[in-house]
Structures are given as structure tokens and as C-alpha cells.
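This report refers to the structure that appears directly beneath it.
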Amino acid sequence: MKELSLHILDITQNSIRAQAKLVELFIVESTANNELTIIIKDNGCGIPADRLENITDPFVTTRTTRKVGLGLSLFKAAAEACGGYFEISSTQGVGTKVVASFKRDHIDRVPLGNMADTILTMVMSFGAADLIYEHDYNNQLFVFNTQEIKATLEVESLNEPDILNWIREYVSEGLKEIQEMMEEALWQSP
């Protein structure tokens, strides 16, 4: 895939298919540690232990429409090709956690991608499920939480054009702000 955000979208759609009511996405970028780590957690139905052993095998899938499942295997390959690692853990009835870590400056690491559009697509496709997205860029934190937004707006769904436009702007501005805060701090340091 050309962007890590596409992997994120694919994995979170797995969460929704697993009947998750809450998906948590954490992205930690550290230039000091030369790391980019993506963590996706859900409270879906989980994966049986016997399937978890070979879940990153491309010929293991629960889909009936095709016999190949590339999502997890490609995400794992992308992380490992960039000097990173991939882990998946799951408990039936509790949920699943996927962790992919990359050397941030590795020449083969694809860009993170447009997270504002990715978050927007997730919100539109999640139905009643909620999303918590936290992005830590060199200890500057941006948080997006659909539960809080629904409570503030007193709505059940965020799939209204005005709300979706606001979400795109909010996420885009929030991510831009944490990067600018870090750059400003670098300029001010002696």
C-alpha cells in the first residue's frame, strides 16, 4: 500500500466486521527514538487462539468472497521491511490489539498519509461504533473521540455533511498544530 493510513483503514474495518463497538487508534511518532508506532485496539469478538497462530498468513482469511487475506500480512511485511516489528494479540469475547512499529526515517517506510481523510472515512463507515484516535508527535498530543463529540452535539450519528466537514477540518488542524508546536519548541531551544 502506498500509505500507512490505508493499512490503518483496512485493519479498523476488520474491527468493525468483528462487531467492535469501540476502536482505539494510537499513533506515536518520535524523531528522537526514530520510531513510528501504530496501535489499533478493538472490543470486537476476538480471534480464536488456533487462528491467531497463523493470522498473518495471506492464505488465512474468514472472508467467503475470496480465499486470500492480505491486510495483516502486508502490514506486518511493511513494518518488518523498515526495521520494525509487528504484533497481534487477541482474546475471544474481549477484543484484538495490533501493533506495528517502523523505523521512522527508513528509506522504505511509506508515508503515514492523509489522516484527516482516513479518520473521516472511518467515522462514515463505522455506523454506531465509536472511535478514539490519539496521535502523539514528539510528546505533543492530539485526541479525537467520537463519544465526546456525540455527547456534545447530542446526536447518535456523526454522518451529517456539516459534522463530517467539521471533523475533517478539526483533525487536519489538530495534527498540523501538534507538528507546529514541536517545530516552534525546536526553534526556541538553545
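By convention in this document, the chains of the C-alpha cells carry letters A, B, ... by their order, each chain's residues are numbered from 1, and ligands are numbered from 1 in the order they are shown.
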Query - Residues near stretch 159-171 of chain A, cut-off 6 Å, only C-alpha atoms, skip fewer than 2 positions along chain, as a list in words - result: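 Here the answer would be Ala116, Met124, Ser157, Glu173 and Gly174 of chain A.
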**Report entry** Computed interatomic separation between atom CA of A:Pro48 and atom CA of A:Phe75 (Å)
**Finding:**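 If I compute the distance from atom CA of A:Pro48 to atom CA of A:Phe75, I get 20.2 Å.
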Requested in this report: Check chain A with DSSP on the backbone and list each residue it calls strand (DSSP E or B), as a PyMOL selection string.
Outcome: chain A and resi 22-30+35-42+85-91+95-103+130-137+140-145
**Report entry** Spatial neighbours of A:Val28, max dist 8 Å, only C-alpha atoms, sep filter under 3 positions, as a ChimeraX atom specification
**Finding:** /A:35-38,135-138
Report task. For A:Thr96, work out the shell of residues within 6 Å, counting only C-alpha atoms and skipping chain neighbours fewer than 4 positions away, then give it as a PyMOL selection string. Result -> chain A and resi 41-42+46+89-90
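Here the question is which of A:Thr152, A:Thr118, A:Thr31, A:Thr56 gets nearest to A:Ile88 using only C-alpha atoms, and that residue is A:Thr56.
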Query raised in the report: What's the 12 Å shell around A:Ile27, counting only C-alpha atoms, without same-chain residues fewer than 3 positions away, as an NGL selection string?
Result: :A and (4-5 or 8 or 24 or 30 or 35-41 or 98-102 or 112 or 115 or 132-143 or 175)
Requested in this report: Pick out each residue of stretch 33-105 of chain A that DSSP on the backbone tags as alpha helix (DSSP H); I need them as a list in words.
Outcome: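 These are the residues in question: Ala49, Asp50, Arg51, Leu52, Gly71, Leu72, Ser73, Leu74, Phe75, Lys76, Ala77, Ala78, Ala79, Glu80 and Ala81 of chain A.
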Requested in this report: For atom CA of A:Asp10 and atom CA of A:Ser73, quote the distance in Å rounded to one decimal.
Outcome: 11.6 Å
